[in-house]
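Below is my_file-v8.cif, which holds mmCIF, C-alpha atoms.
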data_start
loop_
_atom_site.label_atom_id
_atom_site.label_comp_id
_atom_site.auth_asym_id
_atom_site.auth_seq_id
_atom_site.Cartn_x
_atom_site.Cartn_y
_atom_site.Cartn_z
CA MET A 1 82.40 113.92 126.59
CA VAL A 2 79.35 111.65 126.90
CA LYS A 3 76.88 112.14 124.06
CA THR A 4 73.26 112.92 124.85
CA LYS A 5 70.52 110.54 123.71
CA LYS A 6 69.53 113.02 120.97
CA GLN A 7 73.11 113.19 119.69
CA GLN A 8 73.39 109.40 119.66
CA VAL A 9 70.15 109.03 117.68
CA GLU A 10 71.22 111.72 115.22
CA LYS A 11 74.62 110.10 114.60
CA LEU A 12 72.97 106.69 114.15
CA THR A 13 70.59 108.18 111.56
CA ILE A 14 73.53 109.70 109.67
CA LYS A 15 75.38 106.39 109.73
CA GLU A 16 72.34 104.47 108.45
CA TYR A 17 71.84 106.95 105.60
CA TRP A 18 75.41 106.71 104.34
CA GLU A 19 75.49 102.92 104.68
CA LYS A 20 72.73 102.89 102.06
CA HIS A 21 73.85 105.87 99.96
CA ALA A 22 77.63 105.69 99.62
CA PRO A 23 79.09 108.55 97.57
CA GLN A 24 80.27 108.08 93.97
CA ILE A 25 78.67 104.67 93.40
CA TRP A 26 76.17 106.20 90.94
CA TYR A 27 79.10 107.09 88.64
CA SER A 28 79.18 103.53 87.27
CA ASP A 29 76.73 100.81 86.22
CA LYS A 30 79.42 98.13 86.06
CA GLU A 31 79.60 95.19 88.49
CA PRO A 32 79.96 96.69 91.99
CA LEU A 33 83.36 96.14 93.63
CA SER A 34 84.92 94.97 90.36
CA ILE A 35 88.12 96.58 89.11
CA GLU A 36 86.16 97.95 86.17
CA TRP A 37 83.69 99.60 88.56
CA PHE A 38 86.44 101.27 90.59
CA ASN A 39 88.26 102.37 87.42
CA GLU A 40 85.21 103.97 85.85
CA ILE A 41 84.38 105.84 89.05
CA GLU A 42 87.96 107.09 89.28
CA TYR A 43 87.92 108.26 85.65
CA LYS A 44 84.64 110.15 85.97
CA ARG A 45 85.59 111.71 89.30
CA TYR A 46 88.74 113.37 87.98
CA ASN A 47 87.90 113.90 84.31
CA LEU A 48 84.17 114.70 84.24
CA TYR A 49 82.53 115.72 87.48
CA LEU A 50 85.34 117.13 89.63
CA GLU A 51 88.25 118.22 87.47
CA CYS A 52 89.23 120.86 90.04
CA PHE A 53 90.38 118.03 92.33
CA ASN A 54 93.40 117.46 90.08
CA GLU A 55 94.52 121.03 90.66
CA MET A 56 93.74 121.41 94.35
CA PHE A 57 94.38 118.19 96.23
CA GLU A 58 98.13 117.57 95.97
CA TYR A 59 97.87 113.84 95.27
CA GLU A 60 101.42 113.66 93.91
CA TYR A 61 103.22 115.61 96.60
CA HIS A 62 103.08 113.60 99.82
CA TYR A 63 105.42 110.70 99.14
CA LYS A 64 106.24 108.76 102.35
CA GLU A 65 104.13 111.16 104.41
CA LYS A 66 101.44 109.92 106.78
CA VAL A 67 98.04 110.83 105.32
CA LEU A 68 94.68 110.46 107.07
CA GLU A 69 91.38 110.69 105.21
CA ILE A 70 88.24 111.49 107.18
CA GLY A 71 85.29 109.89 105.41
CA CYS A 72 86.96 107.71 102.78
CA GLY A 73 83.80 106.65 100.92
CA ILE A 74 84.91 103.95 98.47
CA GLY A 75 88.56 104.99 98.71
CA THR A 76 88.99 106.77 95.37
CA ASP A 77 91.01 109.70 96.68
CA LEU A 78 92.96 107.68 99.24
CA VAL A 79 94.00 105.20 96.53
CA ARG A 80 95.35 108.08 94.47
CA PHE A 81 97.50 109.23 97.39
CA ALA A 82 98.69 105.65 97.91
CA LYS A 83 99.66 105.33 94.22
CA ASN A 84 101.92 108.32 94.78
CA GLY A 85 103.67 106.76 97.77
CA ALA A 86 101.77 108.22 100.74
CA LEU A 87 101.34 106.14 103.91
CA CYS A 88 97.57 106.03 104.02
CA SER A 89 95.04 105.72 106.82
CA ALA A 90 91.33 106.51 106.91
CA ILE A 91 88.25 106.51 109.04
CA ASP A 92 84.60 106.40 108.02
CA LEU A 93 81.38 106.23 110.00
CA THR A 94 80.15 103.27 107.92
CA GLU A 95 81.25 99.66 107.65
CA PHE A 96 80.40 99.69 103.93
CA ALA A 97 82.95 102.42 103.22
CA ILE A 98 85.75 100.76 105.15
CA GLU A 99 85.19 97.30 103.64
CA THR A 100 84.86 98.77 100.14
CA THR A 101 88.05 100.81 100.53
CA LYS A 102 89.93 97.71 101.71
CA LYS A 103 88.72 95.88 98.59
CA HIS A 104 89.77 98.83 96.44
CA PHE A 105 93.31 98.75 97.85
CA GLU A 106 93.48 94.99 97.45
CA LEU A 107 92.43 95.05 93.78
CA LYS A 108 95.06 97.68 92.99
CA ASN A 109 97.82 95.96 95.00
CA LEU A 110 98.28 98.90 97.33
CA LYS A 111 99.06 98.99 101.04
CA TYR A 112 97.37 100.96 103.79
CA GLU A 113 98.17 101.53 107.47
CA ASP A 114 94.78 101.85 109.21
CA LEU A 115 91.23 101.71 107.85
CA LEU A 116 88.83 102.08 110.75
CA VAL A 117 85.14 102.56 111.44
CA ALA A 118 85.21 105.67 113.60
CA ASP A 119 83.62 109.07 114.26
CA ALA A 120 85.17 112.23 112.80
CA GLU A 121 84.38 114.03 116.05
CA ASP A 122 86.49 111.57 118.07
CA LEU A 123 89.47 110.39 116.02
CA PRO A 124 91.16 107.21 117.34
CA PHE A 125 94.70 108.52 116.85
CA ASN A 126 97.33 110.12 119.05
CA ASP A 127 98.21 113.81 118.96
CA ASN A 128 100.73 114.94 116.33
CA THR A 129 100.47 111.79 114.18
CA PHE A 130 99.84 112.85 110.57
CA ASP A 131 101.57 115.05 108.01
CA LEU A 132 98.35 115.60 106.07
CA VAL A 133 94.65 115.24 106.88
CA ILE A 134 92.17 115.26 104.00
CA SER A 135 88.39 115.24 103.94
CA PHE A 136 86.42 115.83 100.77
CA GLY A 137 82.72 116.54 101.25
CA VAL A 138 82.27 114.89 104.65
CA ILE A 139 82.47 117.08 107.74
CA HIS A 140 79.50 119.23 106.72
CA HIS A 141 77.40 116.13 107.51
CA THR A 142 78.50 115.82 111.15
CA PRO A 143 76.58 117.54 113.99
CA ASP A 144 79.56 119.26 115.64
CA ILE A 145 81.79 120.48 112.80
CA GLN A 146 83.93 122.56 115.15
CA LYS A 147 84.77 119.51 117.21
CA CYS A 148 85.78 117.70 114.04
CA VAL A 149 88.05 120.57 112.95
CA ASN A 150 89.63 120.60 116.41
CA GLU A 151 90.30 116.87 116.10
CA ILE A 152 91.95 117.39 112.71
CA TYR A 153 94.19 119.99 114.29
CA ARG A 154 95.02 117.69 117.21
CA VAL A 155 96.17 114.71 115.14
CA LEU A 156 98.28 116.80 112.76
CA LYS A 157 102.01 117.12 113.38
CA PRO A 158 103.37 120.63 113.92
CA GLU A 159 103.52 122.29 110.48
CA GLY A 160 101.25 119.52 109.15
CA SER A 161 98.53 120.50 106.72
CA ALA A 162 94.85 119.86 106.15
CA ILE A 163 92.93 119.97 102.88
CA ILE A 164 89.19 120.04 103.50
CA LEU A 165 86.23 120.38 101.14
CA ILE A 166 82.83 121.57 102.36
CA TYR A 167 79.75 123.00 100.67
CA SER A 168 79.50 126.73 100.06
CA ARG A 169 76.44 128.87 99.44
CA GLY A 170 77.06 129.14 95.72
CA TRP A 171 74.74 129.47 92.74
CA LYS A 172 73.25 126.01 93.16
CA HIS A 173 72.40 126.72 96.78
CA TYR A 174 70.52 129.96 96.11
CA PHE A 175 69.04 129.14 92.70
CA LYS A 176 68.19 125.43 92.91
CA ARG A 177 67.65 124.84 96.62
CA VAL A 178 66.36 128.15 97.96
CA PHE A 179 64.66 129.79 94.95
CA ILE A 180 63.24 126.82 93.01
CA HIS A 181 62.61 124.26 95.76
CA GLY A 182 62.25 126.70 98.63
CA ILE A 183 60.23 129.56 97.17
CA LEU A 184 58.63 128.43 93.89
CA LEU A 185 57.79 124.91 95.12
CA GLY A 186 57.00 125.99 98.68
CA GLY A 187 59.68 123.99 100.48
CA LEU A 188 60.60 126.76 102.89
CA ILE A 189 57.02 126.90 104.17
CA ARG A 190 56.56 123.12 104.33
CA TYR A 191 59.92 122.11 105.77
CA GLY A 192 61.75 125.18 107.03
CA TYR A 193 65.25 126.14 105.92
CA SER A 194 67.32 123.37 107.56
CA ARG A 195 65.10 120.50 106.42
CA LEU A 196 64.85 121.99 102.93
CA ILE A 197 68.65 122.00 102.62
CA ASN A 198 68.88 118.45 103.94
CA ARG A 199 66.34 117.30 101.34
CA GLN A 200 68.12 118.94 98.40
CA THR A 201 71.89 118.63 98.93
CA GLU A 202 72.66 115.02 98.04
CA VAL A 203 72.18 112.92 94.90
CA HIS A 204 69.63 110.67 96.60
CA GLY A 205 68.05 113.51 98.60
CA ASN A 206 66.80 113.55 102.19
CA SER A 207 70.19 113.75 103.88
CA PRO A 208 69.79 113.57 107.67
CA LEU A 209 72.11 116.56 108.11
CA THR A 210 73.90 118.92 105.74
CA TYR A 211 75.47 122.29 106.50
CA VAL A 212 76.15 124.77 103.69
CA HIS A 213 78.56 127.53 104.67
CA LYS A 214 79.36 131.17 104.21
CA LYS A 215 83.01 132.19 103.97
CA ARG A 216 83.01 133.96 107.33
CA GLU A 217 81.73 130.75 108.94
CA VAL A 218 84.60 128.80 107.40
CA LYS A 219 87.13 131.31 108.72
CA LYS A 220 85.68 130.95 112.21
CA LEU A 221 85.70 127.13 112.05
CA PHE A 222 89.38 127.00 111.08
CA ASN A 223 90.56 129.91 113.21
CA ILE A 224 92.63 127.52 115.34
CA PHE A 225 95.04 126.98 112.44
CA GLY A 226 98.04 129.26 112.03
CA GLU A 227 97.80 129.61 108.26
CA LEU A 228 94.62 129.41 106.21
CA LYS A 229 93.67 129.71 102.54
CA ILE A 230 90.10 129.36 101.30
CA TYR A 231 89.23 128.73 97.67
CA ARG A 232 85.79 128.67 96.09
CA LYS A 233 85.57 126.13 93.27
CA ARG A 234 83.26 124.39 90.80
CA MET A 235 80.29 125.93 89.11
CA GLY A 236 78.85 122.47 88.51
CA GLU A 237 79.07 121.89 84.77
CA TYR A 238 77.12 118.69 85.31
CA PHE A 239 73.64 118.61 86.75
CA ASP A 240 74.78 115.94 89.16
CA TYR A 241 71.39 115.26 90.67
CA ALA A 242 69.11 112.62 89.20
CA PRO A 243 67.52 112.62 86.67
CA TRP A 244 69.85 115.23 85.09
CA LYS A 245 73.16 113.83 86.27
CA SER A 246 74.51 113.19 82.77
CA ARG A 247 73.50 116.54 81.26
CA LYS A 248 76.33 119.01 80.87
CA LEU A 249 76.08 122.79 80.62
CA PRO A 250 77.04 124.21 77.20
CA ARG A 251 80.79 124.84 76.86
CA TRP A 252 80.22 128.45 75.75
CA LEU A 253 78.39 129.13 78.99
CA THR A 254 81.06 127.60 81.21
CA ASN A 255 83.75 129.50 79.28
CA ILE A 256 81.98 132.77 80.07
CA VAL A 257 81.70 131.79 83.73
CA TYR A 258 85.41 131.05 84.06
CA LEU A 259 86.47 134.01 81.88
CA PHE A 260 84.83 136.43 84.29
CA THR A 261 86.03 134.42 87.34
CA LEU A 262 82.46 134.02 88.53
CA GLU A 263 83.50 130.72 90.06
CA LYS A 264 85.18 132.66 92.87
CA VAL A 265 81.83 134.19 93.77
CA PHE A 266 79.30 131.51 92.86
CA GLY A 267 81.26 128.25 93.15
CA GLU A 268 79.48 125.58 95.18
CA LEU A 269 82.53 124.19 97.01
CA PHE A 270 84.93 125.64 99.55
CA ILE A 271 88.37 124.05 99.51
CA ILE A 272 90.29 124.90 102.67
CA LYS A 273 94.05 124.54 102.95
CA ALA A 274 95.23 124.99 106.52
CA ILE A 275 98.58 124.57 108.26
CA LYS A 276 99.04 123.73 111.92
CA SER A 277 101.57 126.37 112.90
CA ASP A 278 102.16 129.02 115.50
CA ARG A 279 102.30 131.74 112.85
CA LYS A 280 99.67 133.85 114.60
CA GLN A 281 101.57 133.63 117.86
CA ARG A 282 104.85 134.56 116.12
CA ILE A 283 103.22 137.60 114.47
CA SER A 284 101.71 138.67 117.77
CA LEU A 285 105.10 138.34 119.49
CA PHE A 286 106.83 140.27 116.70
CA LYS A 287 104.30 143.10 116.98
CA SER A 288 104.84 143.27 120.73
CA PHE A 289 108.55 143.89 120.14
CA LEU A 290 107.71 146.78 117.79
CA LYS A 291 105.61 148.57 120.40
CA PRO A 292 107.41 151.55 122.02
#
Take the structure in the file and write it out as structure tokens.
Amino acid sequence: MVKTKKQQVEKLTIKEYWEKHAPQIWYSDKEPLSIEWFNEIEYKRYNLYLECFNEMFEYEYHYKEKVLEIGCGIGTDLVRFAKNGALCSAIDLTEFAIETTKKHFELKNLKYEDLLVADAEDLPFNDNTFDLVISFGVIHHTPDIQKCVNEIYRVLKPEGSAIILIYSRGWKHYFKRVFIHGILLGGLIRYGYSRLINRQTEVHGNSPLTYVHKKREVKKLFNIFGELKIYRKRMGEYFDYAPWKSRKLPRWLTNIVYLFTLEKVFGELFIIKAIKSDRKQRISLFKSFLKP
């Protein structure tokens, strides 16, 4: 499908933003692109800011499988899959991300299959190619998320799986973005809802496009998949937005949150695990046989 002029301008704006504001780079003040820089970012990602990744993302369990990452950033997650023997490929909208990920693999003496500058809505791969597709905090920044999900489904092998992270309307959304910035500070009146969310969802602010989802919207997006599990994670122990990005919530408070499983209600991330199968069709067929 040929993109309209508006769509082309919007995608170009998104690309320019992420060329300048690559994710994770604010985790470290060490020399950019040095091994020390990559190592510190990796440590903080999995041990400070996003510990739930260790539990949810199956880094160790895809040995010799073909893995595609959509939106590789600086390659932190893809490198972890590669360390565990996965056959890794990735796309990203930005040249910075692809060149940085190549450097990351090179410094850690790891191999990759394809690292390409490409659009998540139009993946440059054949049908039924990958065992696993991952994307952590990316597709909620693309204009046509449904098209992206359909592309993920297309390039997966039958019975292949996808692990996708997108933003949910958790406590941070309603308290920080909507209540404080939207109501108390007047952002809803000045900018409207969509622009307000764009301004407040990223570390550097003023994202060109960010969607924040409800669970029913996630179910609809991934309805094409045969099997689907949706988890809500991360209360955000760290205030990961400047200038509070190093301030951590008191441990007693986070213990209370997790004790009462409030994360399942107020967590700011949806983690989607989906399998490309014909389970729905099999169930439908089975039910038809049971009808008198």
_Selected residue of minimal separation from Gly71 of chain A among A:Leu50, A:Leu185, A:Ala22, A:Ile180, counting all atoms listed in the file_ = A:Ala22
*Which residue gives the smallest distance to Lys215 of chain A among A:Thr76, A:Asn47, A:Ser168, A:Gln24, with only C-alpha atoms counted?*
A:Ser168
Evaluating the PyMOL selection byres ((chain A and resi 123) around 12) on the displayed file yields which residues, as a JSON list (two decimals) with C-alpha atoms, in the coordinates of the input?
[["chain", "number", "residue", "atom", "x", "y", "z"],
["A", 68, "LEU", "CA", 94.68, 110.46, 107.07],
["A", 69, "GLU", "CA", 91.38, 110.69, 105.21],
["A", 70, "ILE", "CA", 88.24, 111.49, 107.18],
["A", 71, "GLY", "CA", 85.29, 109.89, 105.41],
["A", 89, "SER", "CA", 95.04, 105.72, 106.82],
["A", 90, "ALA", "CA", 91.33, 106.51, 106.91],
["A", 91, "ILE", "CA", 88.25, 106.51, 109.04],
["A", 92, "ASP", "CA", 84.60, 106.40, 108.02],
["A", 93, "LEU", "CA", 81.38, 106.23, 110.00],
["A", 116, "LEU", "CA", 88.83, 102.08, 110.75],
["A", 117, "VAL", "CA", 85.14, 102.56, 111.44],
["A", 118, "ALA", "CA", 85.21, 105.67, 113.60],
["A", 119, "ASP", "CA", 83.62, 109.07, 114.26],
["A", 120, "ALA", "CA", 85.17, 112.23, 112.80],
["A", 121, "GLU", "CA", 84.38, 114.03, 116.05],
["A", 122, "ASP", "CA", 86.49, 111.57, 118.07],
["A", 124, "PRO", "CA", 91.16, 107.21, 117.34],
["A", 125, "PHE", "CA", 94.70, 108.52, 116.85],
["A", 126, "ASN", "CA", 97.33, 110.12, 119.05],
["A", 127, "ASP", "CA", 98.21, 113.81, 118.96],
["A", 129, "THR", "CA", 100.47, 111.79, 114.18],
["A", 130, "PHE", "CA", 99.84, 112.85, 110.57],
["A", 133, "VAL", "CA", 94.65, 115.24, 106.88],
["A", 147, "LYS", "CA", 84.77, 119.51, 117.21],
["A", 148, "CYS", "CA", 85.78, 117.70, 114.04],
["A", 149, "VAL", "CA", 88.05, 120.57, 112.95],
["A", 150, "ASN", "CA", 89.63, 120.60, 116.41],
["A", 151, "GLU", "CA", 90.30, 116.87, 116.10],
["A", 152, "ILE", "CA", 91.95, 117.39, 112.71],
["A", 153, "TYR", "CA", 94.19, 119.99, 114.29],
["A", 154, "ARG", "CA", 95.02, 117.69, 117.21],
["A", 155, "VAL", "CA", 96.17, 114.71, 115.14],
["A", 156, "LEU", "CA", 98.28, 116.80, 112.76]]
*Run through the PyMOL selection byres ((chain A and resi 164) around 6) on the given coordinates and return the selected residues as a list in words.*
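Residues picked by the PyMOL selection byres ((chain A and resi 164) around 6): Ile134, Ser135, Phe136, Ile163, Leu165, Ile271 and Ile272 of chain A.
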*Residues near Phe105 of chain A, cut-off 9 Å, all atoms listed in the file, skip fewer than 4 positions along chain, as a list in words*: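 Those residues are Gly75, Val79, Ala82, Thr100, Thr101, Asn109, Leu110, Lys111 and Tyr112 of chain A.
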*Counting all atoms listed in the file, figure out which residue out of A:Glu31, A:Glu263, A:Asp77, A:Glu202 gets nearest to Gly170 of chain A.*
A:Glu263
*Apply the PyMOL selection byres ((chain A and resi 222) around 10) to the file shown and report the selected residues as a PyMOL selection string.*
chain A and resi 146+149-150+153+217-221+223-229+272-275
*Give the answer as one residue: which of A:Pro208, A:Gly182, A:Pro32, A:Gly137 has the shortest atom-to-atom distance to Phe270 of chain A, using only C-alpha atoms?*
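Closest candidate: A:Gly137.
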*Measure the distance from atom CA of Gly160 of chain A to atom CA of Tyr63 of chain A in Å and round it to one decimal.*
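Interatomic distance, atom CA of Gly160 of chain A to atom CA of Tyr63 of chain A: 14.0 Å.
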*All residues 12 Å or closer to Arg199 of chain A, all atoms listed in the file, same chain fewer than 6 positions away omitted, as JSON, numbers by chain*: {"A": [176, 177, 178, 181, 182, 187, 188, 190, 191, 192, 193, 205, 206, 207, 208, 209, 210, 211, 241]}
*Please indicate the distance in Å from atom CA of Asp114 of chain A to atom CA of Leu87 of chain A, rounded to one decimal place.*
9.5 Å
